[in-house]
Amino acid sequence: MTAHAGTAISLRREPTHWHRVFGAALTYGALVGVAIMLGTPVAWLLVSSLKTEAEYMAYPIQFLPSVAVWHNYVDAVTLIAFWRYALQSAYLAALFSVLCVFTSSMAGFAFARIQAPGRDALFPVVLALLIVPQIVTTIPQYIVFSQLHLVNTYWPWVLWGLSASPFHIFLFRQFFTTIPVQLEDAAEVDGCGQFRVFWQIFLPNSKPALATSFIFNLSWIWGDWFHPLIYLDDEKTTLAVKLTHGYVSNQGFPLTMPKLAAAVLYVIPLVVLFFVGQKYIIQGVVTSGIKG
């Protein structure tokens, strides 16, 4: 037996230095390739926003501007009420995100910790809602909101936020299952009810999941073009809608360069938000997958 074991051990070859170097080079090469593929459109947008109209339309393509035209950014914020629409977008995104995070976390807590009849049967139904195309519910929702006279108000976003999100319910449910049950038991011994356990124990220990959910919701509403277009008029609409048709000349022709500059300004808040919260996003997503 010893001989066989020695033979088996001898047949097991350790990776050589060159194998490790080749594996690392292959991995980093793939990562660099993906980064270039994803970053090229962003770099092109940044460079193009500093060109003149003639340079942007030139053929063959002129990759760099001869002189940076910073006035494109001045036009971007002056040709439309840029900051007012940005503020309306931020308000709508924050309002929806806070409500959705709160209701989704409550539902996730219920699915993770409260032993209720039918809980395990209801959770797959919630997950099934993730595969329902949004377009299926668009027309019925619009009819309902129209009959309730909620069109051209922000109430649809309030109601959507209060109704929670299946994905974020799943996110919180997975995260809450990783919190030690001893904390919950100790709180119940001290006389805490279920809501106090949720509010004082689970939420303070769920910063990664809270930040992840908030950032995802905020990004979705900030970038949503379709719903503000059909629900809100020109005065109450969001920046995403105004970017599509707000930059036109007096003759009705599109003003491409200010629109490109406005697009750069439009994505900056999301980039900043991601870099500020990326640690929490990684923690929230990774930790939520530890336990099912």
# chains A, B, ... in the order shown; residues from 1 in each chain; ligands from 1

$ residues_around --residues "segment 186-201 of chain A" --least-positions-apart "6" --cutoff "12 Å" --atoms "only C-alpha atoms" --output "list in words"
Phe102, Thr103, Ser105, Met106, Ala107, Gly108, Phe109, Ala110, Ala112, Arg113, Ile114, Gln115, Phe172, Phe176, Ile179, Pro180 and Lys207 of chain A

$ closest_atom_pairs --of "segment 263-285 of chain A" --to "segment 64-75 of chain A" --cutoff "12 Å" --atoms "only C-alpha atoms" --output "tab-separated table"
residue	atom	partner	partner_atom	distance
A:Ala263	CA	A:Tyr73	CA	9.9
A:Val264	CA	A:Tyr73	CA	9.1
A:Leu265	CA	A:Tyr73	CA	8.4
A:Tyr266	CA	A:Tyr73	CA	11.4

$ write_last_selection --atoms "C-alpha atoms" --output "compact mmCIF listing (two decimals), in the first residue's frame"
# COMPACT_ATOMS: atom_id res chain seq x y z
CA ALA A 263 -24.56 62.49 -21.56
CA VAL A 264 -21.14 62.68 -19.87
CA LEU A 265 -22.57 64.82 -17.07
CA TYR A 266 -25.51 62.44 -16.83

$ closest_residue --among "A:Val77, A:Leu210, A:Leu218, A:Val47" --to "Leu92 of chain A" --atoms "only C-alpha atoms"
A:Leu218

$ select_by_dssp --residues "segment 203-249 of chain A" --states "helix (DSSP H, G or I)" --output "ChimeraX atom specification"
/A:207-223,226-231,239-245

$ closest_residue --among "A:Phe216, A:Tyr231, A:Phe226, A:Phe175" --to "Pro156 of chain A" --atoms "only C-alpha atoms"
A:Tyr231

$ residues_around --residues "Trp225 of chain A" --least-positions-apart "2" --cutoff "7 Å" --atoms "only C-alpha atoms" --output "PyMOL selection string"
chain A and resi 223+227-229+240-241

$ atom_distance --atom1 "atom CA of Phe63 of chain A" --atom2 "atom CA of Ala43 of chain A"
10.4 Å

$ residues_around --residues "Val42 of chain A" --least-positions-apart "3" --cutoff "12 Å" --atoms "only C-alpha atoms" --output "PyMOL selection string"
chain A and resi 35-39+45-49+260+263-264+267-268+271

$ atom_distance --atom1 "atom CA of Gly161 of chain A" --atom2 "atom CA of Leu243 of chain A"
25.0 Å

$ atom_distance --atom1 "atom CA of Pro41 of chain A" --atom2 "atom CA of Pro258 of chain A"
17.5 Å

$ residues_around --residues "Thr212 of chain A" --least-positions-apart "4" --cutoff "12 Å" --atoms "only C-alpha atoms" --output "compact mmCIF listing (two decimals) with N, CA and C atoms, in the first residue's frame"
# COMPACT_ATOMS: atom_id res chain seq x y z
N SER A 97 -36.07 54.67 -4.14
CA SER A 97 -35.06 53.79 -3.57
C SER A 97 -35.25 53.59 -2.07
N VAL A 101 -36.18 49.94 -0.67
CA VAL A 101 -35.23 49.28 0.24
C VAL A 101 -35.92 48.90 1.55
N SER A 105 -36.64 45.03 2.43
CA SER A 105 -35.93 44.48 3.58
C SER A 105 -36.91 43.87 4.59
N PHE A 167 -36.45 40.99 -6.72
CA PHE A 167 -35.00 40.78 -6.66
C PHE A 167 -34.44 41.22 -5.31
N HIS A 168 -34.87 42.38 -4.82
CA HIS A 168 -34.32 42.89 -3.57
C HIS A 168 -34.88 42.14 -2.36
N LEU A 171 -32.55 39.33 -2.31
CA LEU A 171 -31.25 39.78 -1.80
C LEU A 171 -31.25 39.87 -0.28
N PHE A 172 -32.27 40.51 0.29
CA PHE A 172 -32.32 40.66 1.75
C PHE A 172 -32.60 39.32 2.43
N PHE A 175 -29.36 37.53 2.62
CA PHE A 175 -28.44 38.17 3.57
C PHE A 175 -28.86 37.92 5.01
N SER A 206 -26.90 45.10 8.47
CA SER A 206 -27.13 44.79 7.06
C SER A 206 -26.67 45.91 6.14
N LYS A 207 -25.65 46.64 6.53
CA LYS A 207 -25.20 47.77 5.71
C LYS A 207 -24.81 47.36 4.29
N PRO A 208 -24.11 46.25 4.08
CA PRO A 208 -23.79 45.88 2.69
C PRO A 208 -25.03 45.64 1.84
N PHE A 216 -28.54 49.92 -6.49
CA PHE A 216 -29.20 49.30 -7.65
C PHE A 216 -30.50 50.02 -7.98
N ASN A 217 -31.30 50.31 -6.96
CA ASN A 217 -32.57 51.00 -7.20
C ASN A 217 -32.36 52.40 -7.74
N LEU A 218 -31.41 53.11 -7.14
CA LEU A 218 -31.13 54.48 -7.57
C LEU A 218 -30.65 54.51 -9.02
N SER A 219 -29.79 53.57 -9.38
CA SER A 219 -29.29 53.51 -10.75
C SER A 219 -30.41 53.20 -11.73
N LEU A 273 -21.25 57.23 -7.53
CA LEU A 273 -21.99 56.38 -6.61
C LEU A 273 -21.43 54.97 -6.57
N PHE A 274 -21.05 54.45 -7.73
CA PHE A 274 -20.49 53.11 -7.76
C PHE A 274 -19.14 53.04 -7.04
N VAL A 276 -18.02 54.95 -4.70
CA VAL A 276 -18.20 55.14 -3.27
C VAL A 276 -18.74 53.86 -2.62
N GLY A 277 -19.64 53.18 -3.32
CA GLY A 277 -20.31 52.03 -2.70
C GLY A 277 -19.89 50.68 -3.21
N GLN A 278 -18.80 50.60 -4.01
CA GLN A 278 -18.45 49.31 -4.59
C GLN A 278 -18.08 48.27 -3.53
N LYS A 279 -17.48 48.72 -2.43
CA LYS A 279 -17.13 47.78 -1.37
C LYS A 279 -18.39 47.13 -0.80
N TYR A 280 -19.42 47.94 -0.59
CA TYR A 280 -20.67 47.40 -0.04
C TYR A 280 -21.39 46.53 -1.06
N ILE A 281 -21.28 46.89 -2.35
CA ILE A 281 -21.92 46.07 -3.38
C ILE A 281 -21.31 44.68 -3.40
N ILE A 282 -19.98 44.61 -3.36
CA ILE A 282 -19.31 43.31 -3.39
C ILE A 282 -19.65 42.50 -2.15
N GLN A 283 -19.61 43.14 -0.98
CA GLN A 283 -19.95 42.46 0.27
C GLN A 283 -21.39 41.97 0.25
N GLY A 284 -22.30 42.81 -0.23
CA GLY A 284 -23.71 42.45 -0.23
C GLY A 284 -24.01 41.30 -1.14
N VAL A 285 -23.45 41.32 -2.36
CA VAL A 285 -23.72 40.25 -3.32
C VAL A 285 -23.06 38.95 -2.89
N VAL A 286 -21.80 39.04 -2.46
CA VAL A 286 -21.08 37.82 -2.06
C VAL A 286 -21.69 37.19 -0.82
N THR A 287 -21.94 38.01 0.22
CA THR A 287 -22.49 37.48 1.46
C THR A 287 -23.88 36.91 1.26
N SER A 288 -24.66 37.49 0.37
CA SER A 288 -26.02 37.02 0.16
C SER A 288 -26.05 35.65 -0.49

$ residues_around --residues "Ser165 of chain A" --least-positions-apart "5" --cutoff "9 Å" --atoms "only C-alpha atoms" --output "NGL selection string"
:A and (100-101 or 103-104 or 126 or 130 or 160 or 170)

$ write_last_selection --atoms "N, CA and C atoms" --output "PDB file, in the first residue's frame"
ATOM      1  N   CYS A 100     -38.389  51.421  -1.566  1.00  0.00           N
ATOM      2  CA  CYS A 100     -38.199  50.042  -2.020  1.00  0.00           C
ATOM      3  C   CYS A 100     -37.241  49.278  -1.116  1.00  0.00           C
ATOM      4  N   VAL A 101     -36.181  49.939  -0.665  1.00  0.00           N
ATOM      5  CA  VAL A 101     -35.229  49.281   0.239  1.00  0.00           C
ATOM      6  C   VAL A 101     -35.923  48.901   1.547  1.00  0.00           C
ATOM      7  N   THR A 103     -39.267  48.442   2.226  1.00  0.00           N
ATOM      8  CA  THR A 103     -40.287  47.393   2.099  1.00  0.00           C
ATOM      9  C   THR A 103     -39.669  46.056   1.688  1.00  0.00           C
ATOM     10  N   SER A 104     -38.667  46.090   0.836  1.00  0.00           N
ATOM     11  CA  SER A 104     -38.015  44.841   0.425  1.00  0.00           C
ATOM     12  C   SER A 104     -37.271  44.203   1.592  1.00  0.00           C
ATOM     13  N   VAL A 126     -42.676  34.623  -5.405  1.00  0.00           N
ATOM     14  CA  VAL A 126     -41.968  35.905  -5.477  1.00  0.00           C
ATOM     15  C   VAL A 126     -40.808  35.812  -6.464  1.00  0.00           C
ATOM     16  N   LEU A 130     -39.622  37.468 -11.010  1.00  0.00           N
ATOM     17  CA  LEU A 130     -38.407  38.001 -11.627  1.00  0.00           C
ATOM     18  C   LEU A 130     -38.377  37.769 -13.134  1.00  0.00           C
ATOM     19  N   TRP A 160     -44.912  51.969  -6.464  1.00  0.00           N
ATOM     20  CA  TRP A 160     -43.960  50.929  -6.861  1.00  0.00           C
ATOM     21  C   TRP A 160     -42.948  50.677  -5.750  1.00  0.00           C
ATOM     22  N   PHE A 170     -35.338  38.929  -2.475  1.00  0.00           N
ATOM     23  CA  PHE A 170     -34.424  37.787  -2.504  1.00  0.00           C
ATOM     24  C   PHE A 170     -33.066  38.161  -1.924  1.00  0.00           C
TER      25      PHE A 170
END

$ closest_residue --among "A:Ala90, A:Ala81, A:Ala116, A:Leu99" --to "Leu270 of chain A" --atoms "only C-alpha atoms"
A:Ala90

$ decode --residues "segment 67-112 of chain A" --atoms "N, CA and C atoms" --output "PDB file, in the first residue's frame"
ATOM      1  N   VAL A  67      -8.686  70.755 -30.975  1.00  0.00           N
ATOM      2  CA  VAL A  67      -8.723  71.612 -29.789  1.00  0.00           C
ATOM      3  C   VAL A  67      -9.960  71.220 -28.978  1.00  0.00           C
ATOM      4  N   ALA A  68      -9.789  71.057 -27.692  1.00  0.00           N
ATOM      5  CA  ALA A  68     -10.919  70.667 -26.842  1.00  0.00           C
ATOM      6  C   ALA A  68     -11.951  71.797 -26.791  1.00  0.00           C
ATOM      7  N   VAL A  69     -13.196  71.453 -27.131  1.00  0.00           N
ATOM      8  CA  VAL A  69     -14.272  72.439 -27.158  1.00  0.00           C
ATOM      9  C   VAL A  69     -15.061  72.305 -25.853  1.00  0.00           C
ATOM     10  N   TRP A  70     -14.628  73.008 -24.827  1.00  0.00           N
ATOM     11  CA  TRP A  70     -15.286  72.929 -23.527  1.00  0.00           C
ATOM     12  C   TRP A  70     -16.642  73.636 -23.527  1.00  0.00           C
ATOM     13  N   HIS A  71     -16.868  74.447 -24.544  1.00  0.00           N
ATOM     14  CA  HIS A  71     -18.135  75.168 -24.606  1.00  0.00           C
ATOM     15  C   HIS A  71     -19.313  74.211 -24.829  1.00  0.00           C
ATOM     16  N   ASN A  72     -19.033  72.998 -25.299  1.00  0.00           N
ATOM     17  CA  ASN A  72     -20.097  72.002 -25.419  1.00  0.00           C
ATOM     18  C   ASN A  72     -20.774  71.750 -24.079  1.00  0.00           C
ATOM     19  N   TYR A  73     -19.980  71.781 -23.004  1.00  0.00           N
ATOM     20  CA  TYR A  73     -20.536  71.543 -21.671  1.00  0.00           C
ATOM     21  C   TYR A  73     -21.335  72.750 -21.185  1.00  0.00           C
ATOM     22  N   VAL A  74     -20.914  73.938 -21.587  1.00  0.00           N
ATOM     23  CA  VAL A  74     -21.692  75.138 -21.258  1.00  0.00           C
ATOM     24  C   VAL A  74     -23.050  75.067 -21.943  1.00  0.00           C
ATOM     25  N   ASP A  75     -23.050  74.689 -23.224  1.00  0.00           N
ATOM     26  CA  ASP A  75     -24.315  74.544 -23.943  1.00  0.00           C
ATOM     27  C   ASP A  75     -25.180  73.446 -23.333  1.00  0.00           C
ATOM     28  N   ALA A  76     -24.546  72.383 -22.848  1.00  0.00           N
ATOM     29  CA  ALA A  76     -25.307  71.262 -22.290  1.00  0.00           C
ATOM     30  C   ALA A  76     -26.147  71.678 -21.089  1.00  0.00           C
ATOM     31  N   VAL A  77     -25.641  72.591 -20.282  1.00  0.00           N
ATOM     32  CA  VAL A  77     -26.358  72.981 -19.062  1.00  0.00           C
ATOM     33  C   VAL A  77     -27.167  74.255 -19.227  1.00  0.00           C
ATOM     34  N   THR A  78     -27.054  74.907 -20.394  1.00  0.00           N
ATOM     35  CA  THR A  78     -27.790  76.163 -20.599  1.00  0.00           C
ATOM     36  C   THR A  78     -28.907  76.044 -21.628  1.00  0.00           C
ATOM     37  N   LEU A  79     -28.793  75.138 -22.588  1.00  0.00           N
ATOM     38  CA  LEU A  79     -29.822  75.015 -23.618  1.00  0.00           C
ATOM     39  C   LEU A  79     -31.117  74.444 -23.071  1.00  0.00           C
ATOM     40  N   ILE A  80     -31.028  73.650 -22.015  1.00  0.00           N
ATOM     41  CA  ILE A  80     -32.215  73.168 -21.303  1.00  0.00           C
ATOM     42  C   ILE A  80     -32.016  73.479 -19.819  1.00  0.00           C
ATOM     43  N   ALA A  81     -33.087  73.331 -19.061  1.00  0.00           N
ATOM     44  CA  ALA A  81     -32.988  73.521 -17.606  1.00  0.00           C
ATOM     45  C   ALA A  81     -32.343  72.276 -16.999  1.00  0.00           C
ATOM     46  N   PHE A  82     -31.045  72.093 -17.285  1.00  0.00           N
ATOM     47  CA  PHE A  82     -30.347  70.849 -16.965  1.00  0.00           C
ATOM     48  C   PHE A  82     -30.417  70.528 -15.479  1.00  0.00           C
ATOM     49  N   TRP A  83     -30.094  71.510 -14.639  1.00  0.00           N
ATOM     50  CA  TRP A  83     -30.005  71.228 -13.210  1.00  0.00           C
ATOM     51  C   TRP A  83     -31.382  70.974 -12.600  1.00  0.00           C
ATOM     52  N   ARG A  84     -32.424  71.588 -13.133  1.00  0.00           N
ATOM     53  CA  ARG A  84     -33.775  71.326 -12.621  1.00  0.00           C
ATOM     54  C   ARG A  84     -34.201  69.892 -12.932  1.00  0.00           C
ATOM     55  N   TYR A  85     -33.946  69.469 -14.156  1.00  0.00           N
ATOM     56  CA  TYR A  85     -34.293  68.092 -14.520  1.00  0.00           C
ATOM     57  C   TYR A  85     -33.424  67.085 -13.769  1.00  0.00           C
ATOM     58  N   ALA A  86     -32.155  67.428 -13.532  1.00  0.00           N
ATOM     59  CA  ALA A  86     -31.289  66.536 -12.753  1.00  0.00           C
ATOM     60  C   ALA A  86     -31.793  66.419 -11.324  1.00  0.00           C
ATOM     61  N   LEU A  87     -32.243  67.535 -10.755  1.00  0.00           N
ATOM     62  CA  LEU A  87     -32.777  67.505  -9.398  1.00  0.00           C
ATOM     63  C   LEU A  87     -34.053  66.680  -9.330  1.00  0.00           C
ATOM     64  N   GLN A  88     -34.909  66.804 -10.336  1.00  0.00           N
ATOM     65  CA  GLN A  88     -36.129  66.003 -10.363  1.00  0.00           C
ATOM     66  C   GLN A  88     -35.811  64.517 -10.493  1.00  0.00           C
ATOM     67  N   SER A  89     -34.806  64.191 -11.297  1.00  0.00           N
ATOM     68  CA  SER A  89     -34.381  62.792 -11.417  1.00  0.00           C
ATOM     69  C   SER A  89     -33.849  62.263 -10.095  1.00  0.00           C
ATOM     70  N   ALA A  90     -33.018  63.071  -9.424  1.00  0.00           N
ATOM     71  CA  ALA A  90     -32.447  62.646  -8.145  1.00  0.00           C
ATOM     72  C   ALA A  90     -33.533  62.473  -7.089  1.00  0.00           C
ATOM     73  N   TYR A  91     -34.485  63.395  -7.063  1.00  0.00           N
ATOM     74  CA  TYR A  91     -35.584  63.293  -6.087  1.00  0.00           C
ATOM     75  C   TYR A  91     -36.398  62.027  -6.323  1.00  0.00           C
ATOM     76  N   LEU A  92     -36.761  61.778  -7.579  1.00  0.00           N
ATOM     77  CA  LEU A  92     -37.573  60.610  -7.895  1.00  0.00           C
ATOM     78  C   LEU A  92     -36.816  59.321  -7.597  1.00  0.00           C
ATOM     79  N   ALA A  93     -35.531  59.283  -7.939  1.00  0.00           N
ATOM     80  CA  ALA A  93     -34.726  58.086  -7.690  1.00  0.00           C
ATOM     81  C   ALA A  93     -34.553  57.831  -6.199  1.00  0.00           C
ATOM     82  N   ALA A  94     -34.278  58.894  -5.429  1.00  0.00           N
ATOM     83  CA  ALA A  94     -34.097  58.728  -3.979  1.00  0.00           C
ATOM     84  C   ALA A  94     -35.399  58.320  -3.305  1.00  0.00           C
ATOM     85  N   LEU A  95     -36.517  58.925  -3.721  1.00  0.00           N
ATOM     86  CA  LEU A  95     -37.813  58.594  -3.133  1.00  0.00           C
ATOM     87  C   LEU A  95     -38.145  57.130  -3.347  1.00  0.00           C
ATOM     88  N   PHE A  96     -38.024  56.667  -4.575  1.00  0.00           N
ATOM     89  CA  PHE A  96     -38.320  55.263  -4.869  1.00  0.00           C
ATOM     90  C   PHE A  96     -37.355  54.335  -4.139  1.00  0.00           C
ATOM     91  N   SER A  97     -36.072  54.673  -4.138  1.00  0.00           N
ATOM     92  CA  SER A  97     -35.058  53.787  -3.572  1.00  0.00           C
ATOM     93  C   SER A  97     -35.255  53.587  -2.074  1.00  0.00           C
ATOM     94  N   VAL A  98     -35.516  54.673  -1.344  1.00  0.00           N
ATOM     95  CA  VAL A  98     -35.710  54.563   0.107  1.00  0.00           C
ATOM     96  C   VAL A  98     -36.916  53.691   0.413  1.00  0.00           C
ATOM     97  N   LEU A  99     -38.026  53.912  -0.293  1.00  0.00           N
ATOM     98  CA  LEU A  99     -39.232  53.122  -0.045  1.00  0.00           C
ATOM     99  C   LEU A  99     -39.023  51.661  -0.416  1.00  0.00           C
ATOM    100  N   CYS A 100     -38.389  51.421  -1.566  1.00  0.00           N
ATOM    101  CA  CYS A 100     -38.199  50.042  -2.020  1.00  0.00           C
ATOM    102  C   CYS A 100     -37.241  49.278  -1.116  1.00  0.00           C
ATOM    103  N   VAL A 101     -36.181  49.939  -0.665  1.00  0.00           N
ATOM    104  CA  VAL A 101     -35.229  49.281   0.239  1.00  0.00           C
ATOM    105  C   VAL A 101     -35.923  48.901   1.547  1.00  0.00           C
ATOM    106  N   PHE A 102     -36.735  49.811   2.076  1.00  0.00           N
ATOM    107  CA  PHE A 102     -37.398  49.539   3.358  1.00  0.00           C
ATOM    108  C   PHE A 102     -38.400  48.391   3.231  1.00  0.00           C
ATOM    109  N   THR A 103     -39.267  48.442   2.226  1.00  0.00           N
ATOM    110  CA  THR A 103     -40.287  47.393   2.099  1.00  0.00           C
ATOM    111  C   THR A 103     -39.669  46.056   1.688  1.00  0.00           C
ATOM    112  N   SER A 104     -38.667  46.090   0.836  1.00  0.00           N
ATOM    113  CA  SER A 104     -38.015  44.841   0.425  1.00  0.00           C
ATOM    114  C   SER A 104     -37.271  44.203   1.592  1.00  0.00           C
ATOM    115  N   SER A 105     -36.639  45.029   2.425  1.00  0.00           N
ATOM    116  CA  SER A 105     -35.934  44.479   3.584  1.00  0.00           C
ATOM    117  C   SER A 105     -36.914  43.869   4.588  1.00  0.00           C
ATOM    118  N   MET A 106     -38.073  44.501   4.757  1.00  0.00           N
ATOM    119  CA  MET A 106     -39.085  43.926   5.652  1.00  0.00           C
ATOM    120  C   MET A 106     -39.582  42.586   5.125  1.00  0.00           C
ATOM    121  N   ALA A 107     -39.860  42.520   3.819  1.00  0.00           N
ATOM    122  CA  ALA A 107     -40.315  41.258   3.237  1.00  0.00           C
ATOM    123  C   ALA A 107     -39.219  40.198   3.301  1.00  0.00           C
ATOM    124  N   GLY A 108     -37.967  40.616   3.046  1.00  0.00           N
ATOM    125  CA  GLY A 108     -36.864  39.668   3.143  1.00  0.00           C
ATOM    126  C   GLY A 108     -36.693  39.136   4.550  1.00  0.00           C
ATOM    127  N   PHE A 109     -36.878  39.998   5.542  1.00  0.00           N
ATOM    128  CA  PHE A 109     -36.811  39.561   6.937  1.00  0.00           C
ATOM    129  C   PHE A 109     -37.910  38.547   7.244  1.00  0.00           C
ATOM    130  N   ALA A 110     -39.103  38.806   6.740  1.00  0.00           N
ATOM    131  CA  ALA A 110     -40.213  37.887   6.983  1.00  0.00           C
ATOM    132  C   ALA A 110     -39.937  36.515   6.376  1.00  0.00           C
ATOM    133  N   PHE A 111     -39.430  36.486   5.160  1.00  0.00           N
ATOM    134  CA  PHE A 111     -39.136  35.205   4.520  1.00  0.00           C
ATOM    135  C   PHE A 111     -37.960  34.496   5.180  1.00  0.00           C
ATOM    136  N   ALA A 112     -37.045  35.233   5.772  1.00  0.00           N
ATOM    137  CA  ALA A 112     -35.856  34.619   6.368  1.00  0.00           C
ATOM    138  C   ALA A 112     -36.087  34.153   7.792  1.00  0.00           C
TER     139      ALA A 112
END
